[in-house]
Structures are given as structure tokens and as C-alpha cells.
Amino acid sequence: MKSGILSLVFVCLVLLTPVKDFHSNYGVKCVPQKIRDSLNMVDNNDSPFLNNVEADYISYIFNLDTLNNCLKQKKVLFLTGAVGTNLVTKEKYFLLEKKRLSYDMPPTPAILYYFNPLESRRTNCDVVIVFETKNIPSRQNVYRTLSRKAKHLP
């Protein structure tokens with residue numbers, strides 16, 4: 001009985017942890033030329049881990065404090081589609097960003113969700129970026145979607 005109550009309390013604590021989500025809101029004029037140039041020079045790959053340039057770009061777009069929210073070598077997954085359930089590669093996201101920047105368009109509207117250590121193990125990623133959706137999925141829906149797909153993730 002005690003173990004059941006303790007596990008219920010643990011699950012509640014995990015689900016009620018403070019939500020860390022960030023919305024992108026910067027226009028192209030705010031992206032420094034140095035970051036734009038370095039993003040255009042980087043070849044994207046299928047690795048779900050961010051390199052330095054990609055991490056700097058995302059940190060700037062989402063206005064993240066780079067000391068406390070270092071994304072370098074974090075496993076990041078990207079979701080898109082009408083309800084944000086279609087998994088796409090990092091390469092597709094950054095090709096879209098490069099194209100938008102080349103036409104002087106603002107960065108793609110997106111939302112970034114951090115996962116706690118338990119959620120990271122269950123979803124096989126540290127951070128999720130949801131972009132180009134008609135309806136922004138809640139953090140719980142993103143977690144549920146990735147938990148189901150975790151066996152098939154890189």
C-alpha cells in the first residue's frame with residue numbers, strides 16, 4: 001500500500017514539475033549576421049545532437065540563457081504537422097530556417113519543450129521543438145507522442 005502511494009506521489013511530482021517551454025519570437029532583423037552566416041556555412045546531418053552553430057542559433061531564436069540552457073550536444077527532436085505529431089529530421093528544420101533567412105523572412109514560429117531526466121529516458125531525447133503546426137500541442141501530448149515512438153527514434 002505504501003509503495004503504491006509513493007509511486008503515485010512520484011508520478012504526480014513528475015507531471016507537475018514546472019513546465020519549461022519557450023516560444024520563438026524574434027524577427028530576422030534581430031538575428032545577428034554572424035549567426036546567420038555561420039548557419040549558412042554549416043552542413044546539416046541526420047544526427048539528433050546539435051553542433052555548436054545549431055545550438056547557438058536555437059539559443060538565440062528562443063532567447064535562452066546559454067549558461068543555464070546549453071543545448072550543445074543535447075539530443076533534440078523536431079515535430080511538425082497539423083497537430084505536431086510528425087517527427088522530422090534536424091536537417092529538414094535547418095534547411096527551412098536557411099531558406100527563410102535567405103529570403104529575409106523571420107524564423108519559423110516554434111515552441112521548445114525541455115524534458116526532465118525521467119522524461120528524457122522515456123522519450124529518448126532532451127529537448128523537442130514543435131514548428132509549423134496549426135494547433136500547438138501541449139507538453140503532455142508531445143511527451144505521450146514521443147513515448148510511443150521512443151523505440152524507433154535514433
# chains A, B, ... in the order shown; residues from 1 in each chain; ligands from 1
$ residues_around --residues "A:Asn124" --least-positions-apart "6" --cutoff "12 Å" --atoms "only C-alpha atoms" --output "CSV table (one decimal) with N, CA and C atoms, in the first residue's frame"
chain,number,residue,atom,x,y,z
A,48,PRO,N,20.8,13.6,-34.3
A,48,PRO,CA,19.8,14.4,-33.5
A,48,PRO,C,20.5,15.3,-32.5
A,49,PHE,N,21.8,15.2,-32.4
A,49,PHE,CA,22.6,16.1,-31.5
A,49,PHE,C,23.0,17.4,-32.2
A,74,LYS,N,23.0,18.3,-27.0
A,74,LYS,CA,21.8,17.8,-26.5
A,74,LYS,C,21.0,17.1,-27.6
A,75,LYS,N,20.3,16.1,-27.3
A,75,LYS,CA,19.5,15.4,-28.3
A,75,LYS,C,18.2,16.1,-28.5
A,76,VAL,N,18.0,16.6,-29.7
A,76,VAL,CA,16.8,17.4,-30.0
A,76,VAL,C,16.0,16.8,-31.1
A,77,LEU,N,14.7,16.7,-30.9
A,77,LEU,CA,13.9,16.1,-31.9
A,77,LEU,C,12.9,17.2,-32.4
A,115,PHE,N,12.7,18.4,-21.4
A,115,PHE,CA,12.2,17.3,-20.6
A,115,PHE,C,13.1,17.1,-19.4
A,116,ASN,N,12.5,16.7,-18.3
A,116,ASN,CA,13.3,16.3,-17.1
A,116,ASN,C,14.0,15.0,-17.4
A,117,PRO,N,14.9,14.6,-16.5
A,117,PRO,CA,15.7,13.4,-16.7
A,117,PRO,C,14.9,12.1,-16.9
A,118,LEU,N,13.8,11.9,-16.2
A,118,LEU,CA,13.0,10.8,-16.3
A,118,LEU,C,12.3,10.8,-17.7
A,143,TYR,N,5.0,14.7,-25.0
A,143,TYR,CA,5.6,13.6,-24.2
A,143,TYR,C,4.9,12.3,-24.6
A,145,THR,N,3.3,11.4,-27.3
A,145,THR,CA,3.6,11.1,-28.7
A,145,THR,C,5.0,10.5,-28.8
A,146,LEU,N,6.0,11.1,-28.2
A,146,LEU,CA,7.4,10.7,-28.3
A,146,LEU,C,7.6,9.4,-27.4
A,147,SER,N,6.8,9.2,-26.4
A,147,SER,CA,7.0,8.0,-25.6
A,147,SER,C,6.5,6.8,-26.4
A,148,ARG,N,5.5,7.0,-27.2
A,148,ARG,CA,5.1,5.9,-28.1
A,148,ARG,C,6.1,5.6,-29.2
A,149,LYS,N,6.8,6.6,-29.7
A,149,LYS,CA,7.7,6.4,-30.8
A,149,LYS,C,9.1,6.2,-30.3
A,150,ALA,N,9.4,6.1,-29.0
A,150,ALA,CA,10.7,6.1,-28.5
A,150,ALA,C,11.5,4.9,-29.0
A,151,LYS,N,10.9,3.8,-29.2
A,151,LYS,CA,11.6,2.6,-29.6
A,151,LYS,C,12.2,2.8,-31.0
A,152,HIS,N,11.6,3.6,-31.8
A,152,HIS,CA,12.0,3.8,-33.2
A,152,HIS,C,12.8,5.1,-33.4
A,153,LEU,N,13.2,5.8,-32.4
A,153,LEU,CA,13.9,7.0,-32.5
A,153,LEU,C,15.4,6.8,-32.6
A,154,PRO,N,16.1,7.7,-33.3
A,154,PRO,CA,17.6,7.5,-33.5
A,154,PRO,C,18.3,7.6,-32.2
$ residues_around --residues "A:Phe78" --least-positions-apart "3" --cutoff "12 Å" --atoms "only C-alpha atoms" --output "PDB file with C-alpha atoms, in the first residue's frame"
ATOM      1  CA  ASP A  46      20.913  13.479 -39.605  1.00  0.00           C
ATOM      2  CA  SER A  47      22.409  13.368 -36.120  1.00  0.00           C
ATOM      3  CA  PRO A  48      19.831  14.354 -33.499  1.00  0.00           C
ATOM      4  CA  PHE A  49      22.576  16.079 -31.493  1.00  0.00           C
ATOM      5  CA  LEU A  50      23.119  19.787 -32.067  1.00  0.00           C
ATOM      6  CA  LYS A  75      19.522  15.375 -28.277  1.00  0.00           C
ATOM      7  CA  GLY A  81       2.296  18.739 -38.888  1.00  0.00           C
ATOM      8  CA  GLY A  84       2.550  18.497 -34.073  1.00  0.00           C
ATOM      9  CA  THR A  85       2.884  14.709 -34.189  1.00  0.00           C
ATOM     10  CA  ASN A  86       5.027  14.194 -37.305  1.00  0.00           C
ATOM     11  CA  LEU A  87       8.660  13.559 -36.477  1.00  0.00           C
ATOM     12  CA  VAL A  88      11.123  15.181 -38.901  1.00  0.00           C
ATOM     13  CA  THR A  89      14.893  15.374 -39.071  1.00  0.00           C
ATOM     14  CA  LYS A  90      17.037  18.176 -37.793  1.00  0.00           C
ATOM     15  CA  GLU A  91      18.211  18.622 -41.369  1.00  0.00           C
ATOM     16  CA  LYS A  92      14.691  19.474 -42.572  1.00  0.00           C
ATOM     17  CA  TYR A  93      14.236  22.074 -39.836  1.00  0.00           C
ATOM     18  CA  PHE A  94      17.540  23.821 -40.538  1.00  0.00           C
ATOM     19  CA  ALA A 110       8.031  27.319 -32.950  1.00  0.00           C
ATOM     20  CA  ILE A 111       7.886  26.196 -29.356  1.00  0.00           C
ATOM     21  CA  LEU A 112      10.646  24.447 -27.439  1.00  0.00           C
ATOM     22  CA  TYR A 113       9.996  21.965 -24.631  1.00  0.00           C
ATOM     23  CA  CYS A 125      15.555  12.992 -26.204  1.00  0.00           C
ATOM     24  CA  ASP A 126      16.360  16.064 -24.109  1.00  0.00           C
ATOM     25  CA  VAL A 127      14.560  18.816 -25.986  1.00  0.00           C
ATOM     26  CA  VAL A 128      11.697  18.961 -28.504  1.00  0.00           C
ATOM     27  CA  ILE A 129      10.991  21.755 -30.953  1.00  0.00           C
ATOM     28  CA  VAL A 130       7.482  21.879 -32.408  1.00  0.00           C
ATOM     29  CA  PHE A 131       7.131  24.041 -35.516  1.00  0.00           C
ATOM     30  CA  GLU A 132       4.682  24.796 -38.338  1.00  0.00           C
ATOM     31  CA  THR A 133       1.581  23.487 -36.590  1.00  0.00           C
ATOM     32  CA  VAL A 142       4.303  15.869 -27.023  1.00  0.00           C
ATOM     33  CA  THR A 145       3.645  11.079 -28.731  1.00  0.00           C
ATOM     34  CA  LEU A 146       7.381  10.657 -28.252  1.00  0.00           C
ATOM     35  CA  LEU A 153      13.917   7.038 -32.527  1.00  0.00           C
TER      36      LEU A 153
END
$ atom_distance --atom1 "atom CA of A:Val83" --atom2 "atom CA of A:Asn135"
5.3 Å
